[in-house]
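All remarks here apply to the structure that follows.
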Amino acid sequence: MKTLLEYITFVKGVEYLIVVAFCFAFIALWTLVHSKEKAAMSRVVSIVLPLSLVFGGGAIVLSASDTPDNASVINISDAVVPVQTGSPENAASYSGWMKVNTSEYLSIKSGPATEFHSIMSEKVSCKTCHHNSGDEIHACKDCHDSPTNPHNSTKPGLKAAYHQRCIQCHKAEFSGPDSCTICHTGELKEKTVVVAPDIPHQLTWDTCNRCHPNVIPNGGVESKIVYHDSCIKCHSTGVAGAALVPEDHAGRTANTCQGCHKPAGG
Amino acid sequence: MNEFAYEYNERHVYKDDEKEELTGAEIISTWLKDKIFLGMSFKEYMKTLYTPLNIAAGLVVFAGLFLVAMRFLFGLDQITEASNEQPWGLFLTWGLFAGVPFSASGFVIGTGVYIFGLKRYQPIVKNAILLGFLGYLFAVIFLMIDLGRPWRIYYPMFVTFGTASVMFLVAWHVALYLSVQFFEFSPSILAWLKMGKLRKIFVGMTLGLTIFGVMLSTLHQSALSAMFLLAPGKVHPLWYTSYLPWLAFISAIAAAMALMIVVTKLTAVFLKERASPQYLASVNDITLGLGRAAALVMFTYLGMRLVSVTHEGAWKYLNTPIGYWFLVEIGLFAILPVLYFYGVQNRNVKLIQITATFSMLAIFLNRFNLTLITFNWQLPDRELFFWKEALVVVSVVIIEVLVYRWIVNRMPVLRDHPDFVGDGH
Amino acid sequence: MINRRDILKIGGTVAALSVLGSQNVLGSEDFEGNPDRVGMLTDVNRCIGCRRCEAACNKANNLPAPKTSFEDTSVFEEKRRPYVADVGSYTAVNRFEGKDGTPVYRKVQCMHCDEPACVSACPVAALTKSKEGPVVWNEKLCIGCRYCITACPFYVPAFEYSSAFEPRIQKCFMCNQRIKDGLVPACAEACPVEAITFGKRSDLIKMAKLRTWNNPDKYIDHVYGENEAGGTGWLYISGVPFSELGFPENIGTTSYPKLTKDFLSMVNLTLVSWPALLGGFYMASHKKPHGEDEEKPAEGIKHE
């Protein structure tokens, strides 16, 4: 018996049976003790005593049949890890999703948000979204399962990965039931409100340094393109409060340079 | 002397001494005339029913039954404003939670007379059992009106058992106890039907039935309040206590005594043609005796209430609107034992009867508070009850009174049947 | 012939057996519940109030369309309960005020308690806690007594008062049929930001704790539902205090069935002791020797 409720239910059932058996036994006893007429006495006792034994026996059998922990345990670990194929995009091949027609599914799924990719690549560096990528930019679905794998809960599923990444900067847009259409087949605004993400851009010097060590200030042209142009995208336009790159040496101190240009080995 | 006194004054003898054969129709019509129409012809009987009070009652009953029909055709929201916060309304509060404590009269007086051997209360025992039986019967009727699927009312008995539930206990006990009360009352019915042999069997069972009845009653009287143990956040702390079952049981005993005092007086006034002279003569003595017992029980109840509130640490809620309402209730409970005692000391029967009326009021108030008025006290707006509910309750109560009157008019409840005098049943 | 002493001996033994048989000595044991049971975790910080979960619940359970569409923001003006008014699903998302006036959203639905009050209340066992975890309702058994509504501390079950012939109790049942088919409940599948996660309850608690501990400035260090009402299957983590999210404040950590357990334990004891007590009173008050009292020769057949 795994839960208190199961225990109570079972025990009360057995108790009620015992009580009924007891009542019958009591009647038998009382009749034996009290009555004078042998005929009436034996008539009553012969009815009531077997009834008592029946209920009592039932109670005993029931109690004995309770084998704790061997009672049918449904193996639900399989159910917990859903074996699902295909992403929501392939809903046609995947009839299990909500057991509804594809067209109905699409009607609540808000349609693909395809335009954003071309727009965003002009505004932020690739690695702002494609985080944890080394030299090669990986597609999101290369690491994020669709749907979620419940066993690896530190990594969101594909759909959540997309959205959580967008939320990092576009938090104000993600509020309320009518906000989905802003990106999903809605009017894509020219300027959306961009809020500086909580962990200011995923791209730091250290991230670059992992693959492009000891580069600044002596880096080759390739490295320069990779990191410098990425930084400049926000730090020349001041998007979301990004610190502006100084035009010239005016107002610079040693710290200003070392904010980006770390000495070798540092 | 009126036309209803026929049965008591005359010994009605069936045509034993006549050897002629009666036709079937004659037998039936004689039986009907005798048993149902109180010895009058159908026309005469109908005329006697045509009183202003009866007509008024009939109208209310008709309106009530119409509403009940609406409920069964179109759903509960026709006559209640029950919601998902307040699922139970006036039907259950009046019929079940308040009505059943008063129906304890059957087991209280029955135990007193048959187990403790207090012969003093013999005259009222049949009345007590009848009142108890009708109380439970109509509790079940209210339940049938309120239940979502009343045609499944027998499910907890025979089909599926939720043994962890207090309501399961209530369902079983009410069903069993209803049968017990019916069998306990059957000697009166069988006397009316002149079935002496069968009656003797049931008379012999009285002791067993009474013991069984007390067993069942103790538990379901307490279970009805124990149901609310499961809702600690919803019942106000001044009413919620783990002693709820005990309080319910003691107050049921007090309720039974109060009811018997009041009803005995009412029957002595309104149904005195149906009562034997011994009954009428014993009213005062019985009232005094019940008053003394009620004083003690009420006092005990008050003490238990105070202890339980202290145990729950709820006194801090006293200085709130609901706390003042609690004071009103407790205040009522506090003066009642005093008044009872005063009445008993000075042999003031009238005072005891008035106090008993107030006791009934107090216990109604208590059950209403627990199950309806302070239930969900933390929710902002609550609909307590709806006028349609109240109308249905009133009409069902009227039906209950009419049924009671019908039975007392015909069966030996307030008197002994002339054929079966003196056997105490 | 049997004498009084024998009666007491036999009666006492039977009474004692019935008490022992109830195994109440184990009453203080803690019950762990099925270790594999599933649960759901709602992360209030992640929820963006898009109401896709409501839409998915509506579709997956074939519920009638709501009066206002799932894209309507005006529904947030009042706090809704699931399945009442025009909420077309077993769940509802409500909007609250968070830090600095930013809106926070919280999804309301059945909490799928480990020791549910509703299951212990139901006299016909129509509501049961399934082995997989969800609390489910069986239409074939329900008698419509609504004790479950009285008992539920979260005010979850909804009753169809407008139906005369088929009034149903409506509440979230964690898509238990989908779970049995190896799918994820509809709301978890639909949520775009994974504010709702599905998995084994024990795993979810660990995940919830990791998330709250790794981000102490964003989350309150409490997993709601870990111990509330004795533990619930639906868990919540949040950056906003739970009392401001519409959770009932008076739910302790005792499981609700424990509240009536003591009364029920007393019941059978009483049923067994009353006959002897009352029989004794009767014998004491009737001074005549056995078998000679008045006109009652035998007790006859008792009806049970």
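Each chain of the structure tokens is named A, B, ... in the order shown, its residues numbered from 1; ligands are numbered from 1 in display order.
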**OP:** For A:Glu15, list every protein, DNA or RNA residue within 7 Å, evaluated using only C-alpha atoms, and leave out those in the same chain fewer than 3 positions away; present the list as a PyMOL selection string.
**Re:** (chain A and resi 11-12+18-19) or (chain C and resi 22+268)
Original post:
Could you write out as a list in words the residues of chain B within 12 Å of chain A, counting only C-alpha atoms?
Top reply: Thr160, Phe161, Gly162, Thr163, Ala164, Ser165, Val166, Phe168, Leu169, Trp172, His173, Gly204, Met205, Leu207, Gly208, Leu209, Ile211, Phe212, Met215 and Leu216 of chain B
Original post:
How many Å separate atom CA of B:Ile261 from atom CA of B:Gln278?
Top reply: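 We find that atom CA of B:Ile261 and atom CA of B:Gln278 lie 16.6 Å from each other.
Separating atom CA of B:Ser242 from atom CA of C:Ile251 is a distance of 16.5 Å.
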**OP:** Specify as a ChimeraX atom specification all residues of chain B found within 8 Å of chain C, counting only C-alpha atoms.
**Re:** /B:71-78,82-88,114-117,146-150,152-153,155-156,160-168,176,180,201,204-205,207-209,211-212,214-216,219,226-231,233-234,245
Subject >> For atom CA of B:Val392 and atom CA of B:Gly99, the interatomic separation in Å (one decimal) >> reply: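 So the answer is 15.0 Å.
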**OP:** Find, counting only C-alpha atoms, the residue in A:Lys141, A:Lys171, A:Lys159, A:Arg165 that gets nearest to chain C.
**Re:**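 Nearest candidate to chain C out of A:Lys141, A:Lys171, A:Lys159, A:Arg165: A:Lys159.
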**OP:** Do a neighbour search on C:Arg106 at 8 Å with only C-alpha atoms, toss out local chain neighbours closer than 5 positions, and write the hits as a PyMOL selection string.
**Re:** chain C and resi 44+47+49+93-96+245
Subject >> Secondary structure check, helix (DSSP H, G or I) residues of stretch 279-400 of chain B, as JSON, numbers by chain >> reply: {"B": [279, 280, 281, 282, 283, 284, 285, 286, 287, 288, 289, 290, 291, 292, 293, 294, 295, 296, 297, 298, 299, 300, 301, 302, 303, 304, 305, 306, 307, 308, 309, 310, 311, 312, 315, 316, 317, 318, 319, 321, 322, 323, 324, 325, 326, 327, 328, 329, 330, 331, 332, 333, 334, 335, 336, 337, 338, 339, 340, 341, 342, 343, 344, 345, 349, 350, 351, 352, 353, 354, 355, 356, 357, 358, 359, 360, 361, 362, 363, 364, 365, 366, 367, 368, 369, 370, 371, 372, 373, 387, 388, 389, 390, 391, 392, 393, 394, 395, 396, 397, 398, 399, 400]}
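Taking only C-alpha atoms, the non-local environment of B:Leu391 within 8 Å (same-chain residues fewer than 6 positions away omitted) comprises B:Val60, B:Ala63, B:Gly64.
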Subject >> Members of stretch 30-167 of chain C assigned strand (DSSP E or B) by DSSP, as a count of residues only >> reply: 27
**OP:** Show which residues sit within 8 Å of A:Cys140, as number ranges by chain. Count only C-alpha atoms, and ignore same-chain residues fewer than 2 positions away.
**Re:** A: 130, 138, 142-144, 158, 161-162
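Summary of the local environment: counting only C-alpha atoms, residues at most 12 Å from C:Pro66, other than itself and those fewer than 5 positions away along its chain, are Glu54, Ala55, Cys57, Asn58, Lys59, Glu71, Asp72, Val75, Pro82, Tyr83, Val84, Ala85, Asp86, Val87, Gly88, Ser89, Tyr90 and Ala92 of chain C.
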**OP:** Considering only C-alpha atoms, return as a ChimeraX atom specification whatever protein or nucleic-acid residues lie within 10 Å of stretch 52-59 of chain B, sequence-local ones (same chain, fewer than 4 positions apart) excluded.
**Re:** /B:48,63-65,394-395,398-399,402
**OP:** Measuring atom to atom with only C-alpha atoms, identify which of A:Leu53, A:Met120, A:Cys169, A:Leu32 is nearest to chain C.
**Re:** A:Leu32
